[in-house]
Amino acid sequence: MKISNTSLIGIGNTPLVKLNNIVPKHSAEVWVKLEGVNPTGSYKDRMAVSVLSKAMERGDIKRGDNIVEYTGGSTGTSLAFVSAVLGLTFTAVFSDAFSKSKQQSMEAFGAKVIVEKSENGSITPDLIKRMRDKAYKLARTPGTYYVDQFASPDVRAGFKPLGIEIAKEIDGPIDVFCAAVGTGGALMGTYDGLIDSNLHPDLIALEPLQSPLLTTGTGGPHKVEGIGVGFEPPFLDKNKLKAIRAVDQEDAFKMCRLLAEKEGIWGGGSTGLNVVAAIKIAEEIGPGKRVLTLNCDNGIKYLGSHIYA
Ligand SMILES: Cc1ncc(COP(=O)(O)O)c(C=O)c1O
């Protein structure tokens, strides 16, 4: 199937914008890649099309096969969308700790959604483990393909074009690239694309202060969807990192509202967290430099959540 003849053509080639109203004077510029404009409103569309189209090309899957993954809903919605286009079915292991609208989105694309119960709506290491165990069990059914979002090389490769696009869109160097980490696929894949395009920013990984596993070795309950998974994701290549920073989730949620009101950029908690860190770094490194970060997904997914309530 030619992707250019399908709705998958809408994936990627997203805008890159500079923040004009919320970055303090005497700071570096802050640039944000608007990934919320992908078809399902998330940069995860990039990994979904990469993983599933490459698996089809290799003959690992064929039309009618079932795809399985555990997901906070963004990856699941992207996998459900791409599965629908490619004639696959998709089963998501999800939880009530994540936005209800994400469950509805997966179901709208025809996915089967299994909901694992959380404790008080918090994302905890134990919840992630239970979700993963259930997905592994389902993946043993014949005719089922496990996406393996934490280890498949097709995930990281799917984000490489993001970095290549940025290099084409921006005129000049980037001093720092920072982004929050779930699988680490977006951070590392984008970085691969930047490096391939001859840009060499300092790379900074981000996580929620409420679950500072990468910075302190101990995770905890938090409410930033998509990141802070409670273990060190294998994609995260610490040798390439300049630093890892923890950001308070409450500052991230406040930033989501400020971004919408002052910059017209609408995102979820991970976007808010990315921008809090990017602005802080911009203040630290000062004028004449550039910080790059990502708007991971579209705020419309979070209208029913605490962020915009
Ligand atoms: C909203 C959101 N932000 C950030 C991330 C983290 O992206 P990655 O898994 O590529 O590190 C995810 C991952 O699911 C996500 O859903």
# chains A, B, ... in the order shown; residues from 1 in each chain; ligands from 1

$ residues_near_ligand --ligand "ligand 1" --cutoff "6 Å" --atoms "only C-alpha atoms and all ligand atoms" --output "number ranges by chain"
A: 74-75, 181-186, 225-227, 270, 296-297

$ write_last_selection --atoms "all heavy atoms" --output "PDB file, in the first residue's frame"
ATOM      1  N   SER A  74      -1.808   7.780  24.123  1.00  0.00           N
ATOM      2  CA  SER A  74      -1.357   8.509  22.932  1.00  0.00           C
ATOM      3  C   SER A  74      -0.778   7.538  21.917  1.00  0.00           C
ATOM      4  O   SER A  74      -1.165   7.526  20.747  1.00  0.00           O
ATOM      5  CB  SER A  74      -0.294   9.542  23.305  1.00  0.00           C
ATOM      6  OG  SER A  74      -0.894  10.596  24.000  1.00  0.00           O
ATOM      7  N   THR A  75       0.136   6.683  22.390  1.00  0.00           N
ATOM      8  CA  THR A  75       0.699   5.656  21.513  1.00  0.00           C
ATOM      9  C   THR A  75      -0.423   4.758  21.014  1.00  0.00           C
ATOM     10  O   THR A  75      -0.466   4.386  19.837  1.00  0.00           O
ATOM     11  CB  THR A  75       1.736   4.819  22.302  1.00  0.00           C
ATOM     12  OG1 THR A  75       2.798   5.694  22.677  1.00  0.00           O
ATOM     13  CG2 THR A  75       2.290   3.679  21.481  1.00  0.00           C
ATOM     14  N   VAL A 181      10.913  12.272  28.922  1.00  0.00           N
ATOM     15  CA  VAL A 181      11.156  10.904  28.499  1.00  0.00           C
ATOM     16  C   VAL A 181      10.085   9.941  29.007  1.00  0.00           C
ATOM     17  O   VAL A 181       9.803   9.883  30.197  1.00  0.00           O
ATOM     18  CB  VAL A 181      12.535  10.466  29.066  1.00  0.00           C
ATOM     19  CG1 VAL A 181      12.766   8.990  28.851  1.00  0.00           C
ATOM     20  CG2 VAL A 181      13.650  11.273  28.417  1.00  0.00           C
ATOM     21  N   GLY A 182       9.488   9.221  28.059  1.00  0.00           N
ATOM     22  CA  GLY A 182       8.659   8.056  28.398  1.00  0.00           C
ATOM     23  C   GLY A 182       9.457   6.841  27.981  1.00  0.00           C
ATOM     24  O   GLY A 182      10.257   6.303  28.737  1.00  0.00           O
ATOM     25  N   THR A 183       9.315   6.461  26.700  1.00  0.00           N
ATOM     26  CA  THR A 183      10.207   5.427  26.147  1.00  0.00           C
ATOM     27  C   THR A 183      11.580   6.011  25.851  1.00  0.00           C
ATOM     28  O   THR A 183      12.549   5.282  25.696  1.00  0.00           O
ATOM     29  CB  THR A 183       9.656   4.866  24.820  1.00  0.00           C
ATOM     30  OG1 THR A 183       9.683   5.893  23.819  1.00  0.00           O
ATOM     31  CG2 THR A 183       8.239   4.346  24.978  1.00  0.00           C
ATOM     32  N   GLY A 184      11.635   7.332  25.676  1.00  0.00           N
ATOM     33  CA  GLY A 184      12.869   7.986  25.239  1.00  0.00           C
ATOM     34  C   GLY A 184      13.004   8.009  23.724  1.00  0.00           C
ATOM     35  O   GLY A 184      13.962   8.566  23.187  1.00  0.00           O
ATOM     36  N   GLY A 185      12.037   7.418  23.022  1.00  0.00           N
ATOM     37  CA  GLY A 185      12.096   7.338  21.556  1.00  0.00           C
ATOM     38  C   GLY A 185      12.108   8.710  20.892  1.00  0.00           C
ATOM     39  O   GLY A 185      12.903   8.963  19.977  1.00  0.00           O
ATOM     40  N   ALA A 186      11.244   9.615  21.363  1.00  0.00           N
ATOM     41  CA  ALA A 186      11.156  10.942  20.741  1.00  0.00           C
ATOM     42  C   ALA A 186      12.441  11.726  20.982  1.00  0.00           C
ATOM     43  O   ALA A 186      12.987  12.359  20.065  1.00  0.00           O
ATOM     44  CB  ALA A 186       9.949  11.705  21.283  1.00  0.00           C
ATOM     45  N   GLU A 225       0.991  12.591  31.952  1.00  0.00           N
ATOM     46  CA  GLU A 225       0.736  11.440  31.086  1.00  0.00           C
ATOM     47  C   GLU A 225       1.831  11.256  30.036  1.00  0.00           C
ATOM     48  O   GLU A 225       2.281  12.212  29.412  1.00  0.00           O
ATOM     49  CB  GLU A 225      -0.631  11.600  30.401  1.00  0.00           C
ATOM     50  CG  GLU A 225      -1.757  11.592  31.406  1.00  0.00           C
ATOM     51  CD  GLU A 225      -3.139  11.603  30.764  1.00  0.00           C
ATOM     52  OE1 GLU A 225      -3.310  11.053  29.662  1.00  0.00           O
ATOM     53  OE2 GLU A 225      -4.056  12.176  31.389  1.00  0.00           O
ATOM     54  N   GLY A 226       2.256  10.004  29.869  1.00  0.00           N
ATOM     55  CA  GLY A 226       3.184   9.654  28.801  1.00  0.00           C
ATOM     56  C   GLY A 226       4.645   9.585  29.213  1.00  0.00           C
ATOM     57  O   GLY A 226       5.460   9.024  28.490  1.00  0.00           O
ATOM     58  N   ILE A 227       4.987  10.152  30.368  1.00  0.00           N
ATOM     59  CA  ILE A 227       6.400  10.175  30.787  1.00  0.00           C
ATOM     60  C   ILE A 227       6.526   9.602  32.205  1.00  0.00           C
ATOM     61  O   ILE A 227       5.528   9.291  32.835  1.00  0.00           O
ATOM     62  CB  ILE A 227       6.998  11.596  30.718  1.00  0.00           C
ATOM     63  CG1 ILE A 227       6.308  12.531  31.719  1.00  0.00           C
ATOM     64  CG2 ILE A 227       6.886  12.151  29.300  1.00  0.00           C
ATOM     65  CD1 ILE A 227       7.019  13.863  31.892  1.00  0.00           C
ATOM     66  N   SER A 270       3.076  16.895  29.426  1.00  0.00           N
ATOM     67  CA  SER A 270       4.475  16.712  29.015  1.00  0.00           C
ATOM     68  C   SER A 270       4.960  17.921  28.217  1.00  0.00           C
ATOM     69  O   SER A 270       6.119  18.325  28.337  1.00  0.00           O
ATOM     70  CB  SER A 270       4.662  15.418  28.221  1.00  0.00           C
ATOM     71  OG  SER A 270       3.812  15.390  27.098  1.00  0.00           O
ATOM     72  N   CYS A 296       4.401  17.838  22.526  1.00  0.00           N
ATOM     73  CA  CYS A 296       4.228  16.394  22.256  1.00  0.00           C
ATOM     74  C   CYS A 296       2.867  16.079  21.677  1.00  0.00           C
ATOM     75  O   CYS A 296       2.741  15.216  20.803  1.00  0.00           O
ATOM     76  CB  CYS A 296       4.387  15.592  23.535  1.00  0.00           C
ATOM     77  SG  CYS A 296       5.839  16.033  24.481  1.00  0.00           S
ATOM     78  N   ASP A 297       1.845  16.745  22.219  1.00  0.00           N
ATOM     79  CA  ASP A 297       0.493  16.435  21.724  1.00  0.00           C
ATOM     80  C   ASP A 297      -0.447  17.613  21.936  1.00  0.00           C
ATOM     81  O   ASP A 297      -0.083  18.641  22.514  1.00  0.00           O
ATOM     82  CB  ASP A 297      -0.039  15.126  22.326  1.00  0.00           C
ATOM     83  CG  ASP A 297      -0.247  15.171  23.832  1.00  0.00           C
ATOM     84  OD1 ASP A 297       0.139  16.174  24.469  1.00  0.00           O
ATOM     85  OD2 ASP A 297      -0.801  14.198  24.365  1.00  0.00           O
TER      86      ASP A 297
END

$ residues_around --residues "Phe253 in chain A" --least-positions-apart "6" --cutoff "7 Å" --atoms "only C-alpha atoms" --output "PyMOL selection string"
chain A and resi 269+272+307

$ write_last_selection --atoms "all heavy atoms" --output "tab-separated table (two decimals), in the first residue's frame"
chain	number	residue	atom	x	y	z
A	269	GLY	N	0.37	17.72	29.68
A	269	GLY	CA	1.33	17.96	30.76
A	269	GLY	C	2.78	17.83	30.33
A	269	GLY	O	3.64	18.58	30.79
A	272	GLY	N	3.85	21.01	28.69
A	272	GLY	CA	4.05	22.05	29.70
A	272	GLY	C	5.39	21.86	30.39
A	272	GLY	O	6.16	22.81	30.59
A	307	ILE	N	-5.97	19.44	34.02
A	307	ILE	CA	-5.11	20.52	33.48
A	307	ILE	C	-5.95	21.74	33.08
A	307	ILE	O	-5.58	22.87	33.39
A	307	ILE	CB	-4.29	20.01	32.27
A	307	ILE	CG1	-3.38	18.88	32.69
A	307	ILE	CG2	-3.47	21.16	31.64
A	307	ILE	CD1	-2.54	18.28	31.56

$ select_by_dssp --residues "range 71-253 of chain A" --states "alpha helix (DSSP H)" --output "PyMOL selection string"
chain A and resi 74-86+100-108+125-139+153-169+185-196+213-216+249-253

$ closest_residue --among "A:Gly121, A:Gly189, A:Pro201, A:Gly64" --to "Gly143 in chain A" --atoms "only C-alpha atoms"
A:Gly64

$ atom_distance --atom1 "CA of Val176 in chain A" --atom2 "CA of Leu203 in chain A"
6.0 Å

$ select_by_dssp --residues "range 94-290 of chain A" --states "strand (DSSP E)" --output "list of chain:residue names"
A:Phe94, A:Ser95, A:Lys112, A:Val113, A:Ile114, A:Val115, A:Glu116, A:Thr144, A:Tyr145, A:Tyr146, A:Val176, A:Phe177, A:Cys178, A:Ala179, A:Ala180, A:Asp202, A:Leu203, A:Ile204, A:Ala205, A:Leu206, A:Glu207, A:Pro208, A:Ala243, A:Ile244, A:Arg245, A:Ala246, A:Val247, A:Arg290

$ write_last_selection --atoms "N, CA and C atoms" --output "PDB file, in the first residue's frame"
ATOM      1  N   PHE A  94      -4.690  -0.451  28.747  1.00  0.00           N
ATOM      2  CA  PHE A  94      -4.785   0.960  29.129  1.00  0.00           C
ATOM      3  C   PHE A  94      -5.099   1.011  30.629  1.00  0.00           C
ATOM      4  N   SER A  95      -5.239   2.213  31.180  1.00  0.00           N
ATOM      5  CA  SER A  95      -5.618   2.332  32.595  1.00  0.00           C
ATOM      6  C   SER A  95      -6.485   3.566  32.807  1.00  0.00           C
ATOM      7  N   LYS A 112      -9.740  -2.485  20.529  1.00  0.00           N
ATOM      8  CA  LYS A 112     -10.270  -3.091  21.752  1.00  0.00           C
ATOM      9  C   LYS A 112      -9.421  -2.546  22.898  1.00  0.00           C
ATOM     10  N   VAL A 113     -10.068  -2.023  23.951  1.00  0.00           N
ATOM     11  CA  VAL A 113      -9.306  -1.400  25.050  1.00  0.00           C
ATOM     12  C   VAL A 113      -9.559  -2.152  26.359  1.00  0.00           C
ATOM     13  N   ILE A 114      -8.493  -2.648  26.968  1.00  0.00           N
ATOM     14  CA  ILE A 114      -8.576  -3.332  28.267  1.00  0.00           C
ATOM     15  C   ILE A 114      -8.097  -2.340  29.321  1.00  0.00           C
ATOM     16  N   VAL A 115      -8.942  -2.084  30.341  1.00  0.00           N
ATOM     17  CA  VAL A 115      -8.612  -1.031  31.319  1.00  0.00           C
ATOM     18  C   VAL A 115      -8.126  -1.643  32.642  1.00  0.00           C
ATOM     19  N   GLU A 116      -6.890  -1.332  32.988  1.00  0.00           N
ATOM     20  CA  GLU A 116      -6.285  -1.805  34.248  1.00  0.00           C
ATOM     21  C   GLU A 116      -6.554  -0.732  35.313  1.00  0.00           C
ATOM     22  N   THR A 144      -0.678 -12.521  16.624  1.00  0.00           N
ATOM     23  CA  THR A 144      -0.588 -11.255  17.360  1.00  0.00           C
ATOM     24  C   THR A 144       0.836 -10.706  17.257  1.00  0.00           C
ATOM     25  N   TYR A 145       0.946  -9.394  17.057  1.00  0.00           N
ATOM     26  CA  TYR A 145       2.264  -8.750  16.951  1.00  0.00           C
ATOM     27  C   TYR A 145       2.408  -7.747  18.081  1.00  0.00           C
ATOM     28  N   TYR A 146       3.452  -7.926  18.884  1.00  0.00           N
ATOM     29  CA  TYR A 146       3.704  -7.016  19.996  1.00  0.00           C
ATOM     30  C   TYR A 146       4.597  -5.866  19.512  1.00  0.00           C
ATOM     31  N   VAL A 176      20.678  23.834  22.728  1.00  0.00           N
ATOM     32  CA  VAL A 176      20.193  22.804  23.652  1.00  0.00           C
ATOM     33  C   VAL A 176      18.908  22.212  23.093  1.00  0.00           C
ATOM     34  N   PHE A 177      18.780  20.886  23.153  1.00  0.00           N
ATOM     35  CA  PHE A 177      17.507  20.221  22.862  1.00  0.00           C
ATOM     36  C   PHE A 177      17.093  19.491  24.133  1.00  0.00           C
ATOM     37  N   CYS A 178      15.917  19.837  24.672  1.00  0.00           N
ATOM     38  CA  CYS A 178      15.438  19.158  25.878  1.00  0.00           C
ATOM     39  C   CYS A 178      14.049  18.603  25.647  1.00  0.00           C
ATOM     40  N   ALA A 179      13.788  17.426  26.215  1.00  0.00           N
ATOM     41  CA  ALA A 179      12.438  16.853  26.122  1.00  0.00           C
ATOM     42  C   ALA A 179      12.263  15.785  27.190  1.00  0.00           C
ATOM     43  N   ALA A 180      11.013  15.630  27.604  1.00  0.00           N
ATOM     44  CA  ALA A 180      10.666  14.633  28.626  1.00  0.00           C
ATOM     45  C   ALA A 180      10.690  13.236  28.029  1.00  0.00           C
ATOM     46  N   ASP A 202      23.388  20.383  22.897  1.00  0.00           N
ATOM     47  CA  ASP A 202      23.464  19.624  24.152  1.00  0.00           C
ATOM     48  C   ASP A 202      22.109  18.957  24.356  1.00  0.00           C
ATOM     49  N   LEU A 203      22.130  17.712  24.787  1.00  0.00           N
ATOM     50  CA  LEU A 203      20.887  16.943  24.929  1.00  0.00           C
ATOM     51  C   LEU A 203      20.526  16.835  26.411  1.00  0.00           C
ATOM     52  N   ILE A 204      19.306  17.264  26.751  1.00  0.00           N
ATOM     53  CA  ILE A 204      18.869  17.216  28.156  1.00  0.00           C
ATOM     54  C   ILE A 204      17.542  16.464  28.254  1.00  0.00           C
ATOM     55  N   ALA A 205      17.544  15.389  29.059  1.00  0.00           N
ATOM     56  CA  ALA A 205      16.324  14.603  29.283  1.00  0.00           C
ATOM     57  C   ALA A 205      15.570  15.173  30.485  1.00  0.00           C
ATOM     58  N   LEU A 206      14.256  15.075  30.437  1.00  0.00           N
ATOM     59  CA  LEU A 206      13.423  15.639  31.505  1.00  0.00           C
ATOM     60  C   LEU A 206      12.503  14.567  32.087  1.00  0.00           C
ATOM     61  N   GLU A 207      12.159  14.762  33.367  1.00  0.00           N
ATOM     62  CA  GLU A 207      11.215  13.850  34.033  1.00  0.00           C
ATOM     63  C   GLU A 207      10.438  14.643  35.085  1.00  0.00           C
ATOM     64  N   PRO A 208       9.311  14.094  35.580  1.00  0.00           N
ATOM     65  CA  PRO A 208       8.564  14.816  36.624  1.00  0.00           C
ATOM     66  C   PRO A 208       9.303  14.747  37.964  1.00  0.00           C
ATOM     67  N   ALA A 243      22.683  16.343  30.522  1.00  0.00           N
ATOM     68  CA  ALA A 243      22.090  16.397  31.865  1.00  0.00           C
ATOM     69  C   ALA A 243      20.704  15.768  31.857  1.00  0.00           C
ATOM     70  N   ILE A 244      20.229  15.490  33.076  1.00  0.00           N
ATOM     71  CA  ILE A 244      18.819  15.096  33.252  1.00  0.00           C
ATOM     72  C   ILE A 244      18.247  16.048  34.292  1.00  0.00           C
ATOM     73  N   ARG A 245      17.052  16.582  34.015  1.00  0.00           N
ATOM     74  CA  ARG A 245      16.444  17.517  34.966  1.00  0.00           C
ATOM     75  C   ARG A 245      15.052  17.039  35.359  1.00  0.00           C
ATOM     76  N   ALA A 246      14.705  17.283  36.617  1.00  0.00           N
ATOM     77  CA  ALA A 246      13.361  16.979  37.097  1.00  0.00           C
ATOM     78  C   ALA A 246      12.575  18.289  37.213  1.00  0.00           C
ATOM     79  N   VAL A 247      11.328  18.274  36.745  1.00  0.00           N
ATOM     80  CA  VAL A 247      10.494  19.484  36.724  1.00  0.00           C
ATOM     81  C   VAL A 247       9.209  19.210  37.507  1.00  0.00           C
ATOM     82  N   ARG A 290      19.933  29.300  21.348  1.00  0.00           N
ATOM     83  CA  ARG A 290      18.618  28.725  21.021  1.00  0.00           C
ATOM     84  C   ARG A 290      18.375  27.421  21.761  1.00  0.00           C
TER      85      ARG A 290
END

$ residues_around --residues "Ser53 in chain A" --least-positions-apart "5" --cutoff "9 Å" --atoms "only C-alpha atoms" --output "PyMOL selection string"
chain A and resi 3+48+58+82+86

$ atom_distance --atom1 "CA of Trp266 in chain A" --atom2 "CA of Tyr302 in chain A"
9.7 Å

$ residues_around --residues "Arg257 in chain A" --least-positions-apart "4" --cutoff "12 Å" --atoms "only C-alpha atoms" --output "list in words"
Ile22, Glu250, Asp251, Ala252, Phe253, Glu261, Lys262, Glu263, Gly264, Ile265, Trp266, Gly267, Gly268, Gly269, Thr271, Gly272, Leu273, Val275, Val276, Gly299, Tyr302, Leu303, His306, Ile307, Tyr308 and Ala309 of chain A
